[in-house]
file start36.cif (mmCIF, C-alpha atoms)
data_protein
#
loop_
_atom_site.group_PDB
_atom_site.id
_atom_site.type_symbol
_atom_site.label_atom_id
_atom_site.label_comp_id
_atom_site.auth_asym_id
_atom_site.auth_seq_id
_atom_site.Cartn_x
_atom_site.Cartn_y
_atom_site.Cartn_z
ATOM 1 C CA MET V 1 -26.911 10.018 3.815
ATOM 2 C CA THR V 2 -28.244 6.702 4.994
ATOM 3 C CA LYS V 3 -29.507 5.189 1.772
ATOM 4 C CA ARG V 4 -29.917 1.543 2.649
ATOM 5 C CA LEU V 5 -29.235 -1.176 0.158
ATOM 6 C CA SER V 6 -31.548 -4.140 0.424
ATOM 7 C CA ALA V 7 -29.985 -6.955 2.423
ATOM 8 C CA VAL V 8 -26.740 -5.028 2.810
ATOM 9 C CA GLY V 9 -27.068 -5.110 6.562
ATOM 10 C CA ALA V 10 -26.676 -8.869 6.313
ATOM 11 C CA LEU V 11 -23.237 -8.593 4.708
ATOM 12 C CA ARG V 12 -20.460 -10.004 6.838
ATOM 13 C CA ILE V 13 -17.469 -7.687 6.741
ATOM 14 C CA GLY V 14 -14.200 -8.297 8.560
ATOM 15 C CA VAL V 15 -11.780 -5.472 9.356
ATOM 16 C CA ILE V 16 -8.239 -6.658 10.025
ATOM 17 C CA GLN V 17 -6.312 -5.049 12.837
ATOM 18 C CA PHE V 18 -2.512 -5.128 13.029
ATOM 19 C CA PRO V 19 -0.383 -3.633 15.799
ATOM 20 C CA GLY V 20 -0.336 0.032 14.782
ATOM 21 C CA SER V 21 -3.504 0.015 12.675
ATOM 22 C CA ASN V 22 -5.534 3.057 13.625
ATOM 23 C CA CYS V 23 -8.277 3.421 11.025
ATOM 24 C CA ASP V 24 -10.110 0.238 11.886
ATOM 25 C CA GLU V 25 -12.504 2.104 14.176
ATOM 26 C CA ASP V 26 -13.446 4.650 11.495
ATOM 27 C CA CYS V 27 -14.021 1.842 8.988
ATOM 28 C CA ILE V 28 -16.226 -0.093 11.388
ATOM 29 C CA ASP V 29 -18.093 3.089 12.328
ATOM 30 C CA SER V 30 -18.689 4.028 8.670
ATOM 31 C CA PHE V 31 -20.217 0.668 7.902
ATOM 32 C CA LYS V 32 -22.377 0.734 11.023
ATOM 33 C CA ARG V 33 -23.521 4.333 10.853
ATOM 34 C CA HIS V 34 -24.261 4.551 7.149
ATOM 35 C CA PHE V 35 -24.941 1.014 6.003
ATOM 36 C CA ASP V 36 -26.156 -0.662 9.175
ATOM 37 C CA ILE V 37 -23.445 -3.306 8.878
ATOM 38 C CA GLN V 38 -21.766 -4.512 12.069
ATOM 39 C CA ALA V 39 -18.302 -5.360 10.807
ATOM 40 C CA SER V 40 -16.159 -7.639 12.935
ATOM 41 C CA ARG V 41 -12.604 -6.898 13.955
ATOM 42 C CA LEU V 42 -10.035 -9.571 13.087
ATOM 43 C CA TRP V 43 -6.624 -9.862 14.711
ATOM 44 C CA HIS V 44 -3.536 -10.269 12.526
ATOM 45 C CA GLN V 45 -2.379 -13.292 14.449
ATOM 46 C CA ASP V 46 -5.575 -15.266 13.913
ATOM 47 C CA THR V 47 -4.917 -18.329 11.788
ATOM 48 C CA THR V 48 -8.433 -18.748 10.462
ATOM 49 C CA LEU V 49 -10.958 -16.421 8.906
ATOM 50 C CA PRO V 50 -14.585 -16.644 9.982
ATOM 51 C CA PRO V 51 -17.153 -16.910 7.166
ATOM 52 C CA LEU V 52 -17.116 -13.471 5.549
ATOM 53 C CA ASP V 53 -18.420 -11.725 2.471
ATOM 54 C CA ALA V 54 -15.658 -9.142 2.306
ATOM 55 C CA LEU V 55 -12.526 -7.896 4.029
ATOM 56 C CA VAL V 56 -11.263 -4.452 4.885
ATOM 57 C CA ILE V 57 -7.585 -3.718 5.503
ATOM 58 C CA PRO V 58 -7.575 -0.344 7.243
ATOM 59 C CA GLY V 59 -5.035 2.451 7.414
ATOM 60 C CA GLY V 60 -2.532 3.234 10.115
ATOM 61 C CA PHE V 61 1.083 2.495 10.909
ATOM 62 C CA SER V 62 1.120 -1.274 11.173
ATOM 63 C CA PHE V 63 4.376 -2.424 12.746
ATOM 64 C CA GLY V 64 5.503 1.174 12.819
ATOM 65 C CA ASP V 65 6.169 1.007 9.056
ATOM 66 C CA TYR V 66 9.269 -0.965 9.991
ATOM 67 C CA LEU V 67 11.228 -2.554 7.109
ATOM 68 C CA ARG V 68 8.786 -0.999 4.599
ATOM 69 C CA SER V 69 5.241 0.230 5.078
ATOM 70 C CA GLY V 70 2.991 -2.813 5.176
ATOM 71 C CA ALA V 71 5.894 -5.260 4.754
ATOM 72 C CA LEU V 72 5.677 -6.880 8.158
ATOM 73 C CA ALA V 73 1.863 -6.820 8.267
ATOM 74 C CA ALA V 74 1.788 -8.598 4.899
ATOM 75 C CA ARG V 75 3.654 -11.458 6.545
ATOM 76 C CA SER V 76 1.242 -11.819 9.473
ATOM 77 C CA PRO V 77 -0.342 -15.239 10.024
ATOM 78 C CA LEU V 78 -3.832 -14.073 9.018
ATOM 79 C CA MET V 79 -2.591 -12.840 5.629
ATOM 80 C CA GLN V 80 -2.161 -16.445 4.479
ATOM 81 C CA GLN V 81 -5.909 -16.854 4.944
ATOM 82 C CA VAL V 82 -6.510 -13.518 3.254
ATOM 83 C CA LYS V 83 -4.577 -14.724 0.199
ATOM 84 C CA THR V 84 -6.676 -17.885 0.091
ATOM 85 C CA PHE V 85 -9.816 -15.760 0.424
ATOM 86 C CA ALA V 86 -8.581 -13.621 -2.471
ATOM 87 C CA SER V 87 -7.793 -16.653 -4.634
ATOM 88 C CA ARG V 88 -11.421 -17.706 -4.264
ATOM 89 C CA GLY V 89 -12.609 -14.338 -5.517
ATOM 90 C CA GLY V 90 -13.110 -12.811 -2.092
ATOM 91 C CA PRO V 91 -13.694 -9.054 -2.279
ATOM 92 C CA MET V 92 -11.568 -6.700 -0.240
ATOM 93 C CA ILE V 93 -10.608 -3.073 0.080
ATOM 94 C CA GLY V 94 -7.256 -1.864 1.387
ATOM 95 C CA ILE V 95 -7.098 1.775 2.447
ATOM 96 C CA CYS V 96 -3.788 3.620 2.786
ATOM 97 C CA ASN V 97 -1.641 1.264 4.914
ATOM 98 C CA GLY V 98 -4.114 -1.390 3.734
ATOM 99 C CA PHE V 99 -3.161 -0.623 0.121
ATOM 100 C CA GLN V 100 0.497 -0.905 1.103
ATOM 101 C CA ILE V 101 -0.189 -4.259 2.753
ATOM 102 C CA LEU V 102 -1.980 -5.508 -0.367
ATOM 103 C CA THR V 103 0.938 -4.622 -2.637
ATOM 104 C CA GLU V 104 3.437 -6.169 -0.228
ATOM 105 C CA SER V 105 1.263 -9.301 -0.231
ATOM 106 C CA HIS V 106 1.350 -9.289 -4.034
ATOM 107 C CA LEU V 107 -2.449 -9.197 -4.106
ATOM 108 C CA LEU V 108 -2.145 -5.943 -5.996
ATOM 109 C CA PRO V 109 0.621 -4.912 -8.429
ATOM 110 C CA GLY V 110 3.162 -2.183 -7.815
ATOM 111 C CA ALA V 111 4.641 -0.668 -4.692
ATOM 112 C CA LEU V 112 3.989 2.389 -2.521
ATOM 113 C CA LEU V 113 7.176 4.402 -2.058
ATOM 114 C CA HIS V 114 8.082 7.519 -0.108
ATOM 115 C CA ASN V 115 6.287 10.620 -1.319
ATOM 116 C CA LEU V 116 8.467 12.527 -3.750
ATOM 117 C CA SER V 117 8.575 15.443 -1.364
ATOM 118 C CA ARG V 118 9.770 13.089 1.412
ATOM 119 C CA GLN V 119 7.110 14.724 3.552
ATOM 120 C CA PHE V 120 4.067 13.301 5.259
ATOM 121 C CA ILE V 121 1.117 14.857 3.470
ATOM 122 C CA CYS V 122 -2.181 15.288 5.221
ATOM 123 C CA ARG V 123 -4.779 17.149 3.197
ATOM 124 C CA GLN V 124 -7.948 16.921 1.148
ATOM 125 C CA VAL V 125 -7.510 15.668 -2.426
ATOM 126 C CA THR V 126 -9.801 15.062 -5.367
ATOM 127 C CA ILE V 127 -9.714 11.740 -7.174
ATOM 128 C CA LYS V 128 -11.429 10.642 -10.345
ATOM 129 C CA ASP V 129 -12.611 7.169 -11.269
ATOM 130 C CA GLU V 130 -12.725 5.478 -14.677
ATOM 131 C CA ARG V 131 -16.232 6.785 -15.195
ATOM 132 C CA GLY V 132 -15.088 10.339 -14.675
ATOM 133 C CA ARG V 133 -16.800 10.758 -11.307
ATOM 134 C CA GLN V 134 -14.909 12.925 -8.862
ATOM 135 C CA PHE V 135 -14.567 12.364 -5.140
ATOM 136 C CA SER V 136 -13.135 14.607 -2.447
ATOM 137 C CA MET V 137 -11.506 12.960 0.549
ATOM 138 C CA PRO V 138 -8.349 13.235 2.648
ATOM 139 C CA ILE V 139 -4.973 11.616 2.301
ATOM 140 C CA ALA V 140 -2.585 11.224 5.198
ATOM 141 C CA HIS V 141 0.556 9.400 4.192
ATOM 142 C CA GLY V 142 4.317 9.493 3.973
ATOM 143 C CA GLU V 143 4.649 6.565 1.568
ATOM 144 C CA GLY V 144 1.897 7.027 -0.995
ATOM 145 C CA ARG V 145 3.881 7.261 -4.209
ATOM 146 C CA TYR V 146 2.516 4.454 -6.360
ATOM 147 C CA TRP V 147 5.129 2.937 -8.617
ATOM 148 C CA LEU V 148 5.250 0.096 -11.055
ATOM 149 C CA ASP V 149 7.317 -0.594 -14.177
ATOM 150 C CA GLN V 150 6.167 0.615 -17.576
ATOM 151 C CA GLU V 151 5.089 -2.802 -18.827
ATOM 152 C CA SER V 152 2.877 -3.479 -15.812
ATOM 153 C CA LEU V 153 1.487 0.031 -16.062
ATOM 154 C CA ARG V 154 0.443 -0.566 -19.677
ATOM 155 C CA GLU V 155 -1.130 -3.843 -18.605
ATOM 156 C CA ILE V 156 -3.288 -2.353 -15.863
ATOM 157 C CA GLU V 157 -4.194 0.606 -18.056
ATOM 158 C CA ASP V 158 -5.341 -1.712 -20.858
ATOM 159 C CA ASP V 159 -7.301 -3.815 -18.379
ATOM 160 C CA GLY V 160 -9.075 -0.786 -16.945
ATOM 161 C CA ARG V 161 -7.679 -1.515 -13.513
ATOM 162 C CA ILE V 162 -6.763 2.003 -12.523
ATOM 163 C CA ALA V 163 -9.477 2.705 -9.983
ATOM 164 C CA PHE V 164 -8.693 6.337 -9.173
ATOM 165 C CA ARG V 165 -6.348 9.096 -10.265
ATOM 166 C CA TYR V 166 -5.564 12.343 -8.522
ATOM 167 C CA CYS V 167 -7.142 15.317 -10.235
ATOM 168 C CA LEU V 168 -7.728 18.990 -9.609
ATOM 169 C CA PRO V 169 -11.121 19.905 -8.162
ATOM 170 C CA SER V 170 -11.788 21.512 -11.538
ATOM 171 C CA GLY V 171 -11.182 18.180 -13.241
ATOM 172 C CA PRO V 172 -7.768 17.831 -14.933
ATOM 173 C CA ILE V 173 -5.539 14.919 -13.989
ATOM 174 C CA ASN V 174 -2.003 16.277 -13.879
ATOM 175 C CA PHE V 175 1.223 16.777 -11.967
ATOM 176 C CA GLU V 176 -0.227 19.655 -9.994
ATOM 177 C CA ALA V 177 -3.023 17.468 -8.663
ATOM 178 C CA ASN V 178 -0.689 14.635 -7.738
ATOM 179 C CA PRO V 179 0.354 14.989 -4.103
ATOM 180 C CA ASN V 180 3.038 12.317 -3.967
ATOM 181 C CA GLY V 181 4.508 11.636 -7.412
ATOM 182 C CA SER V 182 2.527 8.462 -8.106
ATOM 183 C CA VAL V 183 3.125 7.104 -11.581
ATOM 184 C CA ALA V 184 0.284 8.090 -13.932
ATOM 185 C CA ASP V 185 -1.240 9.998 -10.994
ATOM 186 C CA ILE V 186 -2.649 6.733 -9.693
ATOM 187 C CA ALA V 187 -4.475 6.858 -6.359
ATOM 188 C CA GLY V 188 -5.984 3.384 -6.424
ATOM 189 C CA VAL V 189 -5.922 0.132 -8.389
ATOM 190 C CA TYR V 190 -7.950 -3.055 -8.847
ATOM 191 C CA SER V 191 -6.744 -6.620 -8.949
ATOM 192 C CA LYS V 192 -7.104 -8.653 -12.148
ATOM 193 C CA ASN V 193 -10.569 -9.880 -11.127
ATOM 194 C CA LYS V 194 -11.529 -6.367 -9.947
ATOM 195 C CA LYS V 195 -12.541 -7.818 -6.575
ATOM 196 C CA ILE V 196 -9.661 -6.279 -4.696
ATOM 197 C CA LEU V 197 -9.366 -2.510 -4.461
ATOM 198 C CA GLY V 198 -6.451 -0.638 -2.982
ATOM 199 C CA MET V 199 -6.463 3.128 -2.563
ATOM 200 C CA MET V 200 -4.374 5.666 -0.702
ATOM 201 C CA PRO V 201 -7.102 8.256 0.103
ATOM 202 C CA HIS V 202 -9.474 7.606 3.013
ATOM 203 C CA PRO V 203 -13.149 7.161 2.076
ATOM 204 C CA GLU V 204 -13.962 6.323 5.708
ATOM 205 C CA ARG V 205 -12.883 9.874 6.597
ATOM 206 C CA ALA V 206 -15.294 11.478 4.133
ATOM 207 C CA THR V 207 -18.602 10.069 5.186
ATOM 208 C CA ASP V 208 -20.170 13.180 6.602
ATOM 209 C CA GLY V 209 -20.173 16.833 5.558
ATOM 210 C CA VAL V 210 -18.952 17.710 9.012
ATOM 211 C CA MET V 211 -15.651 15.913 8.242
ATOM 212 C CA GLY V 212 -13.770 18.174 5.862
ATOM 213 C CA GLY V 213 -16.910 19.060 3.945
ATOM 214 C CA SER V 214 -17.260 15.850 1.956
ATOM 215 C CA SER V 215 -19.334 12.711 2.202
ATOM 216 C CA ASP V 216 -18.007 11.402 -1.126
ATOM 217 C CA GLY V 217 -16.383 8.519 0.685
ATOM 218 C CA LEU V 218 -19.819 7.009 1.144
ATOM 219 C CA ILE V 219 -20.155 6.579 -2.615
ATOM 220 C CA VAL V 220 -16.846 4.733 -2.788
ATOM 221 C CA LEU V 221 -17.806 2.503 0.136
ATOM 222 C CA ARG V 222 -21.271 1.885 -1.271
ATOM 223 C CA ASP V 223 -19.794 0.906 -4.636
ATOM 224 C CA PHE V 224 -17.497 -1.500 -2.825
ATOM 225 C CA LEU V 225 -20.471 -3.061 -1.034
ATOM 226 C CA ASN V 226 -22.374 -3.275 -4.315
ATOM 227 C CA ARG V 227 -19.536 -5.236 -5.902
ATOM 228 C CA ILE V 228 -19.623 -7.914 -3.190
ATOM 229 C CA MET Y 1 28.014 -16.953 9.195
ATOM 230 C CA GLU Y 2 27.405 -13.251 8.994
ATOM 231 C CA PHE Y 3 26.096 -11.490 5.917
ATOM 232 C CA GLU Y 4 25.552 -7.925 4.880
ATOM 233 C CA VAL Y 5 22.583 -7.165 2.663
ATOM 234 C CA LEU Y 6 22.373 -3.813 0.920
ATOM 235 C CA VAL Y 7 18.961 -2.800 -0.393
ATOM 236 C CA GLN Y 8 18.348 0.130 -2.687
ATOM 237 C CA LEU Y 9 15.776 1.420 -5.130
ATOM 238 C CA LYS Y 10 16.011 0.215 -8.714
ATOM 239 C CA SER Y 11 17.847 2.678 -10.940
ATOM 240 C CA GLU Y 12 14.675 3.545 -12.822
ATOM 241 C CA VAL Y 13 12.992 4.780 -9.640
ATOM 242 C CA LEU Y 14 13.588 8.378 -8.673
ATOM 243 C CA ASP Y 15 15.009 8.699 -5.165
ATOM 244 C CA PRO Y 16 14.428 12.265 -3.985
ATOM 245 C CA GLU Y 17 16.473 11.674 -0.839
ATOM 246 C CA ALA Y 18 19.576 10.713 -2.810
ATOM 247 C CA ARG Y 19 18.984 13.618 -5.124
ATOM 248 C CA ALA Y 20 18.646 16.065 -2.221
ATOM 249 C CA ILE Y 21 21.887 14.827 -0.678
ATOM 250 C CA LYS Y 22 23.719 15.192 -3.971
ATOM 251 C CA ASP Y 23 22.357 18.699 -4.489
ATOM 252 C CA VAL Y 24 23.457 19.787 -1.015
ATOM 253 C CA LEU Y 25 26.961 18.366 -1.530
ATOM 254 C CA ILE Y 26 27.259 20.301 -4.767
ATOM 255 C CA SER Y 27 25.870 23.461 -3.211
ATOM 256 C CA GLN Y 28 28.508 23.093 -0.496
ATOM 257 C CA GLY Y 29 31.153 23.397 -3.173
ATOM 258 C CA ILE Y 30 31.994 19.707 -3.567
ATOM 259 C CA SER Y 31 31.665 19.888 -7.305
ATOM 260 C CA ASN Y 32 32.984 16.488 -8.336
ATOM 261 C CA VAL Y 33 29.969 14.610 -6.986
ATOM 262 C CA GLU Y 34 28.178 12.977 -9.899
ATOM 263 C CA ALA Y 35 25.725 10.723 -8.155
ATOM 264 C CA VAL Y 36 24.574 9.603 -4.739
ATOM 265 C CA THR Y 37 22.705 6.389 -3.977
ATOM 266 C CA VAL Y 38 21.012 5.724 -0.685
ATOM 267 C CA ALA Y 39 20.878 2.131 0.502
ATOM 268 C CA LYS Y 40 19.765 0.357 3.632
ATOM 269 C CA ARG Y 41 22.223 -2.006 5.239
ATOM 270 C CA TYR Y 42 21.105 -5.118 7.082
ATOM 271 C CA VAL Y 43 23.473 -7.479 8.886
ATOM 272 C CA VAL Y 44 22.229 -11.008 9.431
ATOM 273 C CA LEU Y 45 23.945 -13.598 11.589
ATOM 274 C CA LEU Y 46 22.922 -17.129 10.631
ATOM 275 C CA HIS Y 47 23.753 -20.439 12.211
ATOM 276 C CA ALA Y 48 24.071 -22.846 9.285
ATOM 277 C CA ASP Y 49 26.641 -24.522 7.102
ATOM 278 C CA GLU Y 50 27.848 -22.659 4.050
ATOM 279 C CA THR Y 51 25.441 -24.061 1.447
ATOM 280 C CA GLU Y 52 22.393 -23.693 3.657
ATOM 281 C CA ALA Y 53 23.436 -20.226 4.799
ATOM 282 C CA ASP Y 54 23.870 -19.015 1.221
ATOM 283 C CA LYS Y 55 20.409 -20.289 0.306
ATOM 284 C CA LYS Y 56 18.832 -18.825 3.428
ATOM 285 C CA ILE Y 57 20.335 -15.362 3.063
ATOM 286 C CA GLU Y 58 19.262 -15.308 -0.576
ATOM 287 C CA ALA Y 59 15.685 -16.028 0.485
ATOM 288 C CA ILE Y 60 15.850 -13.503 3.328
ATOM 289 C CA ALA Y 61 17.165 -10.814 0.983
ATOM 290 C CA SER Y 62 14.782 -11.468 -1.886
ATOM 291 C CA GLU Y 63 11.601 -12.257 0.034
ATOM 292 C CA TYR Y 64 11.818 -10.033 3.095
ATOM 293 C CA LEU Y 65 14.509 -7.388 3.158
ATOM 294 C CA SER Y 66 13.812 -6.134 -0.362
ATOM 295 C CA ASN Y 67 10.661 -5.537 -2.360
ATOM 296 C CA PRO Y 68 11.372 -7.017 -5.813
ATOM 297 C CA VAL Y 69 8.944 -4.572 -7.447
ATOM 298 C CA SER Y 70 10.986 -1.503 -6.640
ATOM 299 C CA GLN Y 71 14.265 -2.565 -5.053
ATOM 300 C CA THR Y 72 17.457 -4.499 -5.734
ATOM 301 C CA TYR Y 73 19.716 -6.158 -3.208
ATOM 302 C CA GLU Y 74 23.324 -7.176 -2.888
ATOM 303 C CA ILE Y 75 24.671 -9.808 -0.477
ATOM 304 C CA LYS Y 76 28.163 -9.829 0.932
ATOM 305 C CA ARG Y 77 29.593 -12.416 3.324
ATOM 306 C CA LEU Y 78 31.188 -10.750 6.330
ATOM 307 C CA LEU Y 79 32.139 -13.721 8.522
ATOM 308 C CA PRO Y 80 33.890 -16.051 8.458
#

call {"tool": "encode", "arguments": {"input": "start36.cif", "output": "structure tokens"}}
result
Amino acid sequence: MTKRLSAVGALRIGVIQFPGSNCDEDCIDSFKRHFDIQASRLWHQDTTLPPLDALVIPGGFSFGDYLRSGALAARSPLMQQVKTFASRGGPMIGICNGFQILTESHLLPGALLHNLSRQFICRQVTIKDERGRQFSMPIAHGEGRYWLDQESLREIEDDGRIAFRYCLPSGPINFEANPNGSVADIAGVYSKNKKILGMMPHPERATDGVMGGSSDGLIVLRDFLNRI
Amino acid sequence: MEFEVLVQLKSEVLDPEARAIKDVLISQGISNVEAVTVAKRYVVLLHADETEADKKIEAIASEYLSNPVSQTYEIKRLLP
């Protein structure tokens, strides 16, 4: 699926790399292969951001998950610039460890805690968005349990900021579909201005039928590009 | 000055690790166990006078060692 959006190839995307990030290559490859965008790799110790249209914070094990997953990465020099970029309405997507980094940076609400099973879970899941569309893609995480207090949960629910929830392939959103115990079966959330998306599943690992049988990730990535 | 900082999950957050430990203790026949809490212990040695050290360790505990969304912390002075 290489449906090209007009002028999308001209979008300037930056993918941030921290020591231990390992999904940056797949992110860059997805954008190149399917959207003809040559994303640039940014290093966590950079103190300035080049002119960019959007940022990607990829998955991995930044700083070995030391202290808390994403905690040390969130305090990297470049993240100061990322926060400024966000305050100006800059769009970004944080995937897996990237989602953890966004919550630790307080750019997204809540926290990602150890999976309820205390096991690292690596398997295909189905997630559903607010429009009821379903996507199949893999998760691979030990700390993917999304948690926030009841008041904040009500707030993001009322604001329509729950981006994705885990569901069964047949459709229902319930405990059985939830791989990690996330509150309200949440798999992804938006920031207040909806410009920042954080999600635990990996769209960049579901861009081709040959990868686990799903290219649904392309839809998620394309929607992200459309929102820029 | 040396401080100990204990960080644990807020009481409203389920900690399956603590629960698993408690269940095993009970299954081992130690029936009086009512609850188990798991905490992480950090020891920080600071070179500062008392007032500055207290302020610094407070900032270290609240802004780095703990995530205020899901965790609480407790500071104890060890030395002097």

call {"tool": "resolve_selection", "arguments": {"input": "start36.cif", "expression": "the PyMOL selection byres ((chain V) within 7 of (chain Y))", "output": "PyMOL selection string"}}
result
chain V and resi 110-111+116+148

call {"tool": "atom_distance", "arguments": {"input": "start36.cif", "atom1": "atom CA of V:Ile57", "atom2": "atom CA of V:Asp208"}}
result
21.1 Å

call {"tool": "resolve_selection", "arguments": {"input": "start36.cif", "expression": "the PyMOL selection byres ((chain V and resi 160-166) around 6)", "output": "list in words"}}
result
Thr126, Ile127, Lys128, Asp129, Ile156, Glu157, Asp158, Asp159, Cys167, Ala177, Asn178, Asp185, Ile186, Ala187, Gly188, Val189 and Tyr190 of chain V

call {"tool": "resolve_selection", "arguments": {"input": "start36.cif", "expression": "the PyMOL selection byres ((chain V and resi 114) around 9)", "output": "list in words"}}
result
Leu112, Leu113, Asn115, Leu116, Ser117, Arg118, Gln119, Phe120, His141, Gly142, Glu143, Gly144, Arg145, Tyr146 and Asn180 of chain V; Asp15 and Pro16 of chain Y

call {"tool": "closest_residue", "arguments": {"input": "start36.cif", "among": "V:Glu204, V:Asp46, V:Glu176, V:Glu25", "to": "V:Ile95", "atoms": "only C-alpha atoms"}}
result
V:Glu204

call {"tool": "closest_residue", "arguments": {"input": "start36.cif", "among": "V:Asp53, V:Ala10, V:Gly209, V:Lys32", "to": "V:Arg88", "atoms": "only C-alpha atoms"}}
result
V:Asp53

call {"tool": "atom_distance", "arguments": {"input": "start36.cif", "atom1": "atom CA of Y:Ala39", "atom2": "atom CA of V:Ala74"}}
result
22.3 Å
